[in-house]
Protein chains: 2
Amino acid sequence: MEKKEKILIVEDDKRIRNYIETVLKAAGYDVLISKSGSDAMGLVTSHCPELVLLDLGLPDIDGLEVLKSIREWSHMPIVVVSARTDEGEKVSALDLGADDYITKPFGTSELLARIRTAIRHTRSSNPEMFRSGKFVTGELTIDYEKRRVYVAGRDVGLTQNEYKLVSLLGKYAGRVLTYDFIIKEIWGPNMNTDNRILRVNMANIRRKIEKKPAEPQYIYTEVGVGYRMEDGESVSDDQD
Amino acid sequence: MEKKEKILIVEDDKRIRNYIETVLKAAGYDVLISKSGSDAMGLVTSHCPELVLLDLGLPDIDGLEVLKSIREWSHMPIVVVSARTDEGEKVSALDLGADDYITKPFGTSELLARIRTAIRHTRSSNPEMFRSGKFVTGELTIDYEKRRVYVAGRDVGLTQNEYKLVSLLGKYAGRVLTYDFIIKEIWGPNMNTDNRILRVNMANIRRKIEKKPAEPQYIYTEVGVGYRMEDGESVSDDQD
DNA sequence: TATAAATGTGATATAATCGTTACATACAGT
DNA sequence: ACTGTATGTAACGATTATATCACATTTATA
């Protein structure tokens, strides 16, 4: 457990800021603080933190603008913090290149898990998967060479589109993919933005890979946003 | 052109033997001679030639027996020489692990081309393909990562089985694959040995990838034996 | 709890794929 | 040229994949 990564917190609300700061320091991270978007840009360039935790509800600049301008020159992990109500904002953030988002209010372990996932992921995206040509989480295995998906060693027999979908989610495991992004990836940029077809496919996939399709353990729904593949690392959801 | 590879000729007919010897020496190979199957085994073990050119019509032992016993301990390239009429024999030879066959009578350039292909192929089978993840011959490209086949840059839209077929032939480019072998590879070992299904698939593939399906430039038919994918290296067929 | 929005899922129609058949064509040997 | 064998190919039906619809269920929030 060698961590001493710098994390930049961009958050105007003092209470939340202190809370996050305490949690992250206790977890062994170096913590940088910024109370506004304009400060944040300076700190990012001068300190090059390992990860940015960015609140979208800033007083001065729109958080999305900060996100956009960082992404113009850097791929550093950015996790966005947003209010539960602003679903559209989450989608915009992910589309602009955010690695993940956390909804207020959030629990300690969820925060830490998301940060770990984001840092691990942008560190030369998944060396293990690259080495073995396989993605594994729980009893689910995606074999990228054979183009097959197994649950408990059994080939679940996905169709072409179903495989593409699972394969895509596996490559971005632990991160949320928006409906729009997924649809464009699978059906091409000319496909309309309606997500009904995605829902039907997902139902069929879950019937094949999940023990109880109503309570998926592998592909989670992120309401109003998209889907997320379980990452192997368990993310328990103790919400304060 | 650094060649000084040793080639063992196993051939009882003196005229043919002399002809081959002359041709190979002129092409810069070291040549070993054996007039019978029993001699051949000894020379193979003592001299470890780069390639064996094996006539199946030997007086003492059946050529196939020689082939079989070499294959029990070595993967060295073996090219079989056989009479035009003995189609069944060719199939047996390929099934027993021969790398290629030449039909008597054969021309100089055909002989040399087959030998070059066989030697190149068993030298850590195709490093170029391994590096790029692609197989290219003429305007045809097989992209093994994307699982797509292109002709002149255009995706030809193969179905699953069609892709498997082309992909298989590409991996063994330049070598003949018997009907039986192909069928077992694509449809599994339980499939019957009838090659009609293969013919239909091949017709559909050729309609998609060949300019003139009746005169294929990419996938050749080896009458009575199987199919062969063009290898990039042109094998002109000047038959004396 | 009531309500609206989002998501899940069975049913259905359309399209693509696949294996089979029947016949056409090419080729070798007589 | 005739004959038999091997290969190519169009056409058919069965199966499977796909997209769309309608409605059920879940979720978020008042």
# chains A, B, ... in the order shown; residues from 1 in each chain; ligands from 1
>>> interface_residues(of="chain D", to="chain A", cutoff="10 Å", atoms="only C-alpha atoms (C1' of nucleotides)", output="PyMOL selection string")
chain D and resi 16-20+26-29
>>> write_last_selection(atoms="N, CA and C atoms (P, O5', C5', C4', C3', O3' and C1' of nucleotides)", output="mmCIF file, in the first residue's frame")
data_model
loop_
_atom_site.group_PDB
_atom_site.id
_atom_site.type_symbol
_atom_site.label_atom_id
_atom_site.label_comp_id
_atom_site.auth_asym_id
_atom_site.auth_seq_id
_atom_site.Cartn_x
_atom_site.Cartn_y
_atom_site.Cartn_z
ATOM 1 P P DT D 16 -31.647 -21.806 -33.669
ATOM 2 O "O5'" DT D 16 -31.124 -20.309 -33.797
ATOM 3 C "C5'" DT D 16 -29.965 -20.040 -34.590
ATOM 4 C "C4'" DT D 16 -29.860 -18.554 -34.819
ATOM 5 C "C3'" DT D 16 -29.959 -17.706 -33.536
ATOM 6 O "O3'" DT D 16 -28.732 -17.014 -33.407
ATOM 7 C "C1'" DT D 16 -31.233 -16.778 -35.301
ATOM 8 P P DA D 17 -28.504 -15.943 -32.239
ATOM 9 O "O5'" DA D 17 -28.718 -14.566 -33.009
ATOM 10 C "C5'" DA D 17 -28.010 -14.345 -34.207
ATOM 11 C "C4'" DA D 17 -28.261 -12.927 -34.688
ATOM 12 C "C3'" DA D 17 -28.166 -11.850 -33.614
ATOM 13 O "O3'" DA D 17 -27.488 -10.747 -34.206
ATOM 14 C "C1'" DA D 17 -30.327 -11.810 -34.600
ATOM 15 P P DT D 18 -27.226 -9.436 -33.328
ATOM 16 O "O5'" DT D 18 -28.457 -8.510 -33.669
ATOM 17 C "C5'" DT D 18 -28.655 -8.087 -35.025
ATOM 18 C "C4'" DT D 18 -29.931 -7.297 -35.113
ATOM 19 C "C3'" DT D 18 -30.077 -6.185 -34.070
ATOM 20 O "O3'" DT D 18 -29.885 -4.953 -34.738
ATOM 21 C "C1'" DT D 18 -32.119 -7.372 -34.445
ATOM 22 P P DA D 19 -29.932 -3.594 -33.917
ATOM 23 O "O5'" DA D 19 -31.447 -3.120 -34.046
ATOM 24 C "C5'" DA D 19 -31.975 -2.901 -35.342
ATOM 25 C "C4'" DA D 19 -33.460 -2.604 -35.234
ATOM 26 C "C3'" DA D 19 -33.813 -1.439 -34.314
ATOM 27 O "O3'" DA D 19 -34.664 -0.554 -35.018
ATOM 28 C "C1'" DA D 19 -35.069 -3.372 -33.731
ATOM 29 P P DT D 20 -35.123 0.823 -34.312
ATOM 30 O "O5'" DT D 20 -36.648 0.554 -33.946
ATOM 31 C "C5'" DT D 20 -37.480 -0.099 -34.898
ATOM 32 C "C4'" DT D 20 -38.789 -0.503 -34.238
ATOM 33 C "C3'" DT D 20 -39.355 0.532 -33.260
ATOM 34 O "O3'" DT D 20 -40.658 0.876 -33.675
ATOM 35 C "C1'" DT D 20 -39.404 -1.644 -32.333
ATOM 36 P P DT D 26 -40.172 -4.336 -9.347
ATOM 37 O "O5'" DT D 26 -39.303 -3.007 -9.438
ATOM 38 C "C5'" DT D 26 -38.154 -3.004 -10.265
ATOM 39 C "C4'" DT D 26 -37.664 -1.580 -10.406
ATOM 40 C "C3'" DT D 26 -37.298 -0.901 -9.084
ATOM 41 O "O3'" DT D 26 -35.919 -0.590 -9.134
ATOM 42 C "C1'" DT D 26 -38.547 0.534 -10.497
ATOM 43 P P DT D 27 -35.154 -0.035 -7.850
ATOM 44 O "O5'" DT D 27 -35.198 1.533 -8.087
ATOM 45 C "C5'" DT D 27 -34.683 2.074 -9.304
ATOM 46 C "C4'" DT D 27 -34.964 3.563 -9.329
ATOM 47 C "C3'" DT D 27 -34.679 4.272 -7.999
ATOM 48 O "O3'" DT D 27 -33.658 5.228 -8.224
ATOM 49 C "C1'" DT D 27 -36.787 4.914 -8.913
ATOM 50 P P DA D 28 -33.125 6.141 -7.040
ATOM 51 O "O5'" DA D 28 -33.955 7.473 -7.321
ATOM 52 C "C5'" DA D 28 -33.837 8.105 -8.583
ATOM 53 C "C4'" DA D 28 -34.616 9.407 -8.566
ATOM 54 C "C3'" DA D 28 -34.346 10.294 -7.354
ATOM 55 O "O3'" DA D 28 -34.295 11.643 -7.791
ATOM 56 C "C1'" DA D 28 -36.641 9.720 -7.422
ATOM 57 P P DT D 29 -33.787 12.747 -6.763
ATOM 58 O "O5'" DT D 29 -35.147 13.407 -6.318
ATOM 59 C "C5'" DT D 29 -36.011 13.922 -7.337
ATOM 60 C "C4'" DT D 29 -37.373 14.194 -6.728
ATOM 61 C "C3'" DT D 29 -37.326 14.939 -5.383
ATOM 62 O "O3'" DT D 29 -37.932 16.202 -5.545
ATOM 63 C "C1'" DT D 29 -38.937 13.199 -5.386
#
>>> interface_residues(of="chain A", to="chain C", cutoff="12 Å", atoms="only C-alpha atoms (C1' of nucleotides)", output="PDB file with C-alpha atoms, in the first residue's frame")
ATOM      1  CA  GLU A  87     -28.461  14.318 -13.891  1.00  0.00           C
ATOM      2  CA  ASN A 195     -31.750   4.467 -25.612  1.00  0.00           C
ATOM      3  CA  ARG A 196     -34.617   1.974 -25.891  1.00  0.00           C
ATOM      4  CA  ILE A 197     -32.576  -0.384 -28.027  1.00  0.00           C
ATOM      5  CA  LEU A 198     -29.824  -0.276 -25.450  1.00  0.00           C
ATOM      6  CA  ARG A 199     -32.279  -1.176 -22.708  1.00  0.00           C
ATOM      7  CA  VAL A 200     -33.555  -4.206 -24.601  1.00  0.00           C
ATOM      8  CA  ASN A 201     -30.042  -5.426 -25.298  1.00  0.00           C
ATOM      9  CA  MET A 202     -29.068  -4.928 -21.698  1.00  0.00           C
ATOM     10  CA  ALA A 203     -32.059  -6.963 -20.549  1.00  0.00           C
ATOM     11  CA  ASN A 204     -31.045  -9.798 -22.851  1.00  0.00           C
ATOM     12  CA  ILE A 205     -27.436  -9.662 -21.704  1.00  0.00           C
ATOM     13  CA  ARG A 206     -28.398  -9.668 -18.054  1.00  0.00           C
ATOM     14  CA  ARG A 207     -30.656 -12.645 -18.601  1.00  0.00           C
ATOM     15  CA  PRO A 213     -31.205  -9.958 -13.680  1.00  0.00           C
ATOM     16  CA  ALA A 214     -33.275  -7.690 -11.436  1.00  0.00           C
ATOM     17  CA  GLU A 215     -30.317  -7.313  -9.042  1.00  0.00           C
ATOM     18  CA  PRO A 216     -27.291  -7.259 -11.346  1.00  0.00           C
ATOM     19  CA  TYR A 220     -24.994  -1.663 -12.885  1.00  0.00           C
ATOM     20  CA  THR A 221     -27.462   0.955 -14.042  1.00  0.00           C
ATOM     21  CA  GLU A 222     -26.576   4.554 -13.256  1.00  0.00           C
ATOM     22  CA  VAL A 223     -29.982   6.153 -13.325  1.00  0.00           C
ATOM     23  CA  GLY A 224     -30.276   8.996 -15.771  1.00  0.00           C
ATOM     24  CA  VAL A 225     -26.687   8.545 -16.939  1.00  0.00           C
ATOM     25  CA  GLY A 226     -25.648   5.159 -18.234  1.00  0.00           C
ATOM     26  CA  TYR A 227     -24.166   1.785 -17.272  1.00  0.00           C
TER      27      TYR A 227
END
>>> calpha_fit_and_write(fixed="chain A", moving="chain B", output="mmCIF file with C-alpha atoms, in the first residue's frame")
data_model
loop_
_atom_site.group_PDB
_atom_site.id
_atom_site.type_symbol
_atom_site.label_atom_id
_atom_site.label_comp_id
_atom_site.auth_asym_id
_atom_site.auth_seq_id
_atom_site.Cartn_x
_atom_site.Cartn_y
_atom_site.Cartn_z
ATOM 1 C CA MET B 1 -0.115 0.121 -0.062
ATOM 2 C CA GLU B 2 2.421 2.726 -1.149
ATOM 3 C CA LYS B 3 0.343 5.816 -1.593
ATOM 4 C CA LYS B 4 1.265 9.411 -1.224
ATOM 5 C CA GLU B 5 -0.541 10.646 -4.265
ATOM 6 C CA LYS B 6 -1.496 14.293 -4.416
ATOM 7 C CA ILE B 7 -5.198 14.974 -4.774
ATOM 8 C CA LEU B 8 -6.639 18.374 -5.522
ATOM 9 C CA ILE B 9 -10.021 19.127 -3.973
ATOM 10 C CA VAL B 10 -12.005 21.843 -5.739
ATOM 11 C CA GLU B 11 -14.966 22.634 -3.501
ATOM 12 C CA ASP B 12 -16.527 25.835 -2.219
ATOM 13 C CA ASP B 13 -18.652 24.435 0.625
ATOM 14 C CA LYS B 14 -16.431 24.520 3.693
ATOM 15 C CA ARG B 15 -18.111 21.612 5.530
ATOM 16 C CA ILE B 16 -17.820 19.212 2.633
ATOM 17 C CA ARG B 17 -14.284 20.371 1.902
ATOM 18 C CA ASN B 18 -13.169 19.653 5.467
ATOM 19 C CA TYR B 19 -14.875 16.286 5.456
ATOM 20 C CA ILE B 20 -13.187 15.218 2.245
ATOM 21 C CA GLU B 21 -9.834 16.556 3.358
ATOM 22 C CA THR B 22 -10.007 14.551 6.578
ATOM 23 C CA VAL B 23 -11.006 11.375 4.813
ATOM 24 C CA LEU B 24 -8.313 11.635 2.154
ATOM 25 C CA LYS B 25 -5.568 12.476 4.608
ATOM 26 C CA ALA B 26 -6.608 9.556 6.779
ATOM 27 C CA ALA B 27 -6.356 7.357 3.705
ATOM 28 C CA GLY B 28 -2.785 8.522 3.179
ATOM 29 C CA TYR B 29 -3.144 10.975 0.323
ATOM 30 C CA ASP B 30 -1.524 14.377 0.010
ATOM 31 C CA VAL B 31 -4.291 16.946 -0.169
ATOM 32 C CA LEU B 32 -4.407 20.261 -2.018
ATOM 33 C CA ILE B 33 -7.328 22.614 -1.511
ATOM 34 C CA SER B 34 -8.979 25.055 -3.858
ATOM 35 C CA LYS B 35 -12.103 27.067 -3.083
ATOM 36 C CA SER B 36 -12.809 28.342 -6.561
ATOM 37 C CA GLY B 37 -12.474 27.374 -10.179
ATOM 38 C CA SER B 38 -9.966 30.092 -11.006
ATOM 39 C CA ASP B 39 -7.651 29.002 -8.180
ATOM 40 C CA ALA B 40 -8.015 25.385 -9.286
ATOM 41 C CA MET B 41 -6.527 25.945 -12.721
ATOM 42 C CA GLY B 42 -3.442 27.488 -11.206
ATOM 43 C CA LEU B 43 -2.957 24.671 -8.691
ATOM 44 C CA VAL B 44 -3.395 22.028 -11.355
ATOM 45 C CA THR B 45 -0.640 23.490 -13.509
ATOM 46 C CA SER B 46 1.747 24.270 -10.653
ATOM 47 C CA HIS B 47 1.356 21.051 -8.593
ATOM 48 C CA CYS B 48 0.309 18.458 -11.171
ATOM 49 C CA PRO B 49 -1.835 16.413 -8.751
ATOM 50 C CA GLU B 50 -2.479 12.711 -9.338
ATOM 51 C CA LEU B 51 -6.211 13.310 -9.330
ATOM 52 C CA VAL B 52 -8.688 16.182 -9.236
ATOM 53 C CA LEU B 53 -11.895 15.985 -7.246
ATOM 54 C CA LEU B 54 -14.040 18.663 -8.820
ATOM 55 C CA ASP B 55 -17.324 20.051 -7.496
ATOM 56 C CA LEU B 56 -19.501 21.281 -10.305
ATOM 57 C CA GLY B 57 -21.464 23.765 -8.189
ATOM 58 C CA LEU B 58 -18.816 26.445 -7.927
ATOM 59 C CA PRO B 59 -19.624 30.101 -7.254
ATOM 60 C CA ASP B 60 -17.385 31.743 -9.846
ATOM 61 C CA ILE B 61 -16.787 29.657 -12.981
ATOM 62 C CA ASP B 62 -18.899 26.748 -14.144
ATOM 63 C CA GLY B 63 -17.221 23.525 -13.021
ATOM 64 C CA LEU B 64 -17.672 22.121 -16.509
ATOM 65 C CA GLU B 65 -15.504 24.947 -17.855
ATOM 66 C CA VAL B 66 -12.732 23.974 -15.455
ATOM 67 C CA LEU B 67 -13.054 20.379 -16.587
ATOM 68 C CA LYS B 68 -12.952 21.359 -20.229
ATOM 69 C CA SER B 69 -9.850 23.512 -19.902
ATOM 70 C CA ILE B 70 -7.943 20.842 -17.970
ATOM 71 C CA ARG B 71 -8.832 18.308 -20.645
ATOM 72 C CA GLU B 72 -7.404 20.559 -23.321
ATOM 73 C CA TRP B 73 -3.905 19.652 -22.259
ATOM 74 C CA SER B 74 -4.057 16.772 -19.752
ATOM 75 C CA HIS B 75 -5.517 13.288 -19.279
ATOM 76 C CA MET B 76 -5.154 13.344 -15.502
ATOM 77 C CA PRO B 77 -7.935 11.556 -13.598
ATOM 78 C CA ILE B 78 -10.816 13.887 -12.794
ATOM 79 C CA VAL B 79 -13.663 12.787 -10.545
ATOM 80 C CA VAL B 80 -16.644 15.088 -10.502
ATOM 81 C CA VAL B 81 -18.827 15.797 -7.455
ATOM 82 C CA SER B 82 -22.402 16.776 -8.199
ATOM 83 C CA ALA B 83 -25.811 17.079 -6.616
ATOM 84 C CA ARG B 84 -28.251 14.208 -6.985
ATOM 85 C CA THR B 85 -30.723 16.273 -8.970
ATOM 86 C CA ASP B 86 -28.413 17.395 -11.727
ATOM 87 C CA GLU B 87 -28.387 14.292 -13.870
ATOM 88 C CA GLY B 88 -27.790 16.226 -17.073
ATOM 89 C CA GLU B 89 -24.726 17.776 -15.549
ATOM 90 C CA LYS B 90 -23.212 14.368 -14.805
ATOM 91 C CA VAL B 91 -23.708 13.312 -18.396
ATOM 92 C CA SER B 92 -22.079 16.498 -19.663
ATOM 93 C CA ALA B 93 -19.165 15.999 -17.306
ATOM 94 C CA LEU B 94 -18.564 12.419 -18.476
ATOM 95 C CA ASP B 95 -18.872 13.472 -22.099
ATOM 96 C CA LEU B 96 -16.297 16.184 -21.516
ATOM 97 C CA GLY B 97 -13.866 13.549 -20.270
ATOM 98 C CA ALA B 98 -14.481 13.196 -16.531
ATOM 99 C CA ASP B 99 -13.422 9.744 -15.326
ATOM 100 C CA ASP B 100 -16.221 9.290 -12.841
ATOM 101 C CA TYR B 101 -18.693 11.175 -10.714
ATOM 102 C CA ILE B 102 -19.891 11.024 -7.127
ATOM 103 C CA THR B 103 -23.332 12.109 -6.061
ATOM 104 C CA LYS B 104 -23.801 14.186 -2.927
ATOM 105 C CA PRO B 105 -24.229 13.035 -0.287
ATOM 106 C CA PHE B 106 -21.625 10.273 -0.488
ATOM 107 C CA GLY B 107 -20.044 7.828 1.942
ATOM 108 C CA THR B 108 -16.388 7.453 2.790
ATOM 109 C CA SER B 109 -15.812 4.089 1.221
ATOM 110 C CA GLU B 110 -17.568 5.079 -1.974
ATOM 111 C CA LEU B 111 -15.401 8.170 -2.264
ATOM 112 C CA LEU B 112 -12.186 6.213 -1.731
ATOM 113 C CA ALA B 113 -13.196 3.431 -4.068
ATOM 114 C CA ARG B 114 -13.968 5.838 -6.902
ATOM 115 C CA ILE B 115 -10.673 7.611 -6.383
ATOM 116 C CA ARG B 116 -8.716 4.372 -6.384
ATOM 117 C CA THR B 117 -10.465 3.162 -9.533
ATOM 118 C CA ALA B 118 -9.868 6.431 -11.356
ATOM 119 C CA ILE B 119 -6.174 6.534 -10.467
ATOM 120 C CA ARG B 120 -5.621 2.881 -11.296
ATOM 121 C CA HIS B 121 -7.409 3.223 -14.582
ATOM 122 C CA THR B 122 -5.516 6.104 -16.072
ATOM 123 C CA ARG B 123 -2.222 4.501 -15.054
ATOM 124 C CA SER B 124 -1.710 2.751 -18.426
ATOM 125 C CA SER B 125 -5.207 1.363 -18.524
ATOM 126 C CA ASN B 126 -5.272 -2.068 -16.969
ATOM 127 C CA PRO B 127 -1.966 -3.905 -17.500
ATOM 128 C CA GLU B 128 -3.418 -7.196 -16.269
ATOM 129 C CA MET B 129 -6.075 -7.216 -18.986
ATOM 130 C CA PHE B 130 -3.485 -6.275 -21.574
ATOM 131 C CA ARG B 131 -1.241 -9.162 -20.540
ATOM 132 C CA SER B 132 -3.793 -11.943 -20.444
ATOM 133 C CA GLY B 133 -6.225 -10.754 -23.109
ATOM 134 C CA LYS B 134 -8.979 -11.410 -20.625
ATOM 135 C CA PHE B 135 -11.140 -9.362 -18.286
ATOM 136 C CA VAL B 136 -12.274 -11.070 -15.094
ATOM 137 C CA THR B 137 -14.610 -9.947 -12.332
ATOM 138 C CA GLY B 138 -16.268 -12.390 -9.989
ATOM 139 C CA GLU B 139 -17.383 -15.380 -12.024
ATOM 140 C CA LEU B 140 -17.548 -13.358 -15.235
ATOM 141 C CA THR B 141 -14.772 -13.660 -17.802
ATOM 142 C CA ILE B 142 -14.465 -11.812 -21.085
ATOM 143 C CA ASP B 143 -12.016 -13.483 -23.454
ATOM 144 C CA TYR B 144 -11.061 -10.797 -25.952
ATOM 145 C CA GLU B 145 -9.153 -13.194 -28.197
ATOM 146 C CA LYS B 146 -11.822 -15.844 -28.491
ATOM 147 C CA ARG B 147 -14.527 -13.163 -28.396
ATOM 148 C CA ARG B 148 -16.464 -15.183 -25.867
ATOM 149 C CA VAL B 149 -17.987 -14.410 -22.485
ATOM 150 C CA TYR B 150 -18.098 -16.987 -19.711
ATOM 151 C CA VAL B 151 -19.888 -17.156 -16.384
ATOM 152 C CA ALA B 152 -18.484 -19.776 -14.024
ATOM 153 C CA GLY B 153 -16.652 -21.328 -16.978
ATOM 154 C CA ARG B 154 -19.770 -21.681 -19.085
ATOM 155 C CA ASP B 155 -19.986 -19.899 -22.454
ATOM 156 C CA VAL B 156 -23.095 -17.718 -22.229
ATOM 157 C CA GLY B 157 -23.495 -17.452 -26.002
ATOM 158 C CA LEU B 158 -23.836 -13.736 -26.612
ATOM 159 C CA THR B 159 -24.805 -12.374 -30.009
ATOM 160 C CA GLN B 160 -22.556 -9.969 -31.896
ATOM 161 C CA ASN B 161 -24.087 -6.795 -30.486
ATOM 162 C CA GLU B 162 -24.333 -8.254 -27.027
ATOM 163 C CA TYR B 163 -20.658 -9.148 -27.107
ATOM 164 C CA LYS B 164 -19.691 -5.685 -28.332
ATOM 165 C CA LEU B 165 -21.632 -4.175 -25.465
ATOM 166 C CA VAL B 166 -20.167 -6.348 -22.733
ATOM 167 C CA SER B 167 -16.734 -6.014 -24.271
ATOM 168 C CA LEU B 168 -16.975 -2.230 -24.251
ATOM 169 C CA LEU B 169 -18.138 -2.081 -20.639
ATOM 170 C CA GLY B 170 -15.342 -4.466 -19.680
ATOM 171 C CA LYS B 171 -12.700 -2.275 -21.279
ATOM 172 C CA TYR B 172 -13.916 0.649 -19.181
ATOM 173 C CA ALA B 173 -14.714 -1.433 -16.094
ATOM 174 C CA GLY B 174 -15.368 0.602 -12.988
ATOM 175 C CA ARG B 175 -16.221 3.698 -15.004
ATOM 176 C CA VAL B 176 -19.623 4.948 -16.041
ATOM 177 C CA LEU B 177 -20.317 5.032 -19.751
ATOM 178 C CA THR B 178 -23.138 7.316 -20.827
ATOM 179 C CA TYR B 179 -25.990 5.947 -22.934
ATOM 180 C CA ASP B 180 -24.979 8.207 -25.752
ATOM 181 C CA PHE B 181 -21.366 7.095 -25.707
ATOM 182 C CA ILE B 182 -22.298 3.425 -25.713
ATOM 183 C CA ILE B 183 -24.799 3.838 -28.528
ATOM 184 C CA LYS B 184 -22.304 5.714 -30.677
ATOM 185 C CA GLU B 185 -19.674 3.037 -30.034
ATOM 186 C CA ILE B 186 -21.888 0.069 -30.867
ATOM 187 C CA TRP B 187 -24.227 1.417 -33.526
ATOM 188 C CA GLY B 188 -22.053 4.152 -34.999
ATOM 189 C CA PRO B 189 -22.402 7.934 -34.927
ATOM 190 C CA ASN B 190 -25.458 7.981 -37.185
ATOM 191 C CA MET B 191 -27.638 6.092 -34.722
ATOM 192 C CA ASN B 192 -30.267 8.214 -33.005
ATOM 193 C CA THR B 193 -29.823 9.005 -29.356
ATOM 194 C CA ASP B 194 -32.820 6.990 -28.146
ATOM 195 C CA ASN B 195 -31.684 4.485 -25.537
ATOM 196 C CA ARG B 196 -34.574 1.998 -25.826
ATOM 197 C CA ILE B 197 -32.548 -0.365 -27.977
ATOM 198 C CA LEU B 198 -29.797 -0.274 -25.401
ATOM 199 C CA ARG B 199 -32.239 -1.166 -22.640
ATOM 200 C CA VAL B 200 -33.537 -4.166 -24.520
ATOM 201 C CA ASN B 201 -30.043 -5.406 -25.243
ATOM 202 C CA MET B 202 -29.048 -4.924 -21.644
ATOM 203 C CA ALA B 203 -32.054 -6.929 -20.486
ATOM 204 C CA ASN B 204 -31.072 -9.788 -22.791
ATOM 205 C CA ILE B 205 -27.460 -9.674 -21.667
ATOM 206 C CA ARG B 206 -28.408 -9.656 -18.013
ATOM 207 C CA ARG B 207 -30.703 -12.632 -18.541
ATOM 208 C CA LYS B 208 -27.628 -14.473 -19.807
ATOM 209 C CA ILE B 209 -24.917 -13.339 -17.387
ATOM 210 C CA GLU B 210 -26.649 -12.339 -14.149
ATOM 211 C CA LYS B 211 -28.007 -14.787 -11.605
ATOM 212 C CA LYS B 212 -30.824 -12.372 -10.733
ATOM 213 C CA PRO B 213 -31.231 -9.921 -13.617
ATOM 214 C CA ALA B 214 -33.255 -7.627 -11.353
ATOM 215 C CA GLU B 215 -30.268 -7.308 -8.992
ATOM 216 C CA PRO B 216 -27.282 -7.285 -11.297
ATOM 217 C CA GLN B 217 -23.818 -7.991 -9.874
ATOM 218 C CA TYR B 218 -21.877 -7.252 -13.030
ATOM 219 C CA ILE B 219 -23.470 -4.434 -14.977
ATOM 220 C CA TYR B 220 -24.955 -1.671 -12.872
ATOM 221 C CA THR B 221 -27.402 0.965 -14.007
ATOM 222 C CA GLU B 222 -26.486 4.557 -13.234
ATOM 223 C CA VAL B 223 -29.870 6.201 -13.257
ATOM 224 C CA GLY B 224 -30.175 9.022 -15.745
ATOM 225 C CA VAL B 225 -26.607 8.543 -16.921
ATOM 226 C CA GLY B 226 -25.573 5.143 -18.222
ATOM 227 C CA TYR B 227 -24.106 1.764 -17.256
ATOM 228 C CA ARG B 228 -21.048 0.658 -15.330
ATOM 229 C CA MET B 229 -19.265 -2.694 -15.262
ATOM 230 C CA GLU B 230 -18.177 -4.045 -11.879
ATOM 231 C CA ASP B 231 -14.434 -3.712 -11.576
ATOM 232 C CA GLY B 232 -13.352 -6.709 -9.516
ATOM 233 C CA GLU B 233 -12.601 -4.326 -6.690
ATOM 234 C CA SER B 234 -15.750 -4.318 -4.585
ATOM 235 C CA VAL B 235 -17.316 -0.884 -4.162
ATOM 236 C CA SER B 236 -19.558 -1.184 -1.148
ATOM 237 C CA ASP B 237 -22.216 1.496 -1.145
ATOM 238 C CA ASP B 238 -22.623 2.581 2.460
ATOM 239 C CA GLN B 239 -24.319 5.885 2.019
ATOM 240 C CA ASP B 240 -24.222 7.647 5.408
#
>>> select_by_dssp(residues="stretch 74-176 of chain B", states="alpha helix (DSSP H)", output="PyMOL selection string")
chain B and resi 87-95+108-122+127-132+160-171
>>> select_by_dssp(residues="stretch 4-199 of chain A", states="strand (DSSP E)", output="VMD selection string")
chain A and resid 6 to 10 30 to 34 51 to 55 78 to 83 100 to 104 134 to 137 140 to 143 148 to 151 154 to 155 176 to 178
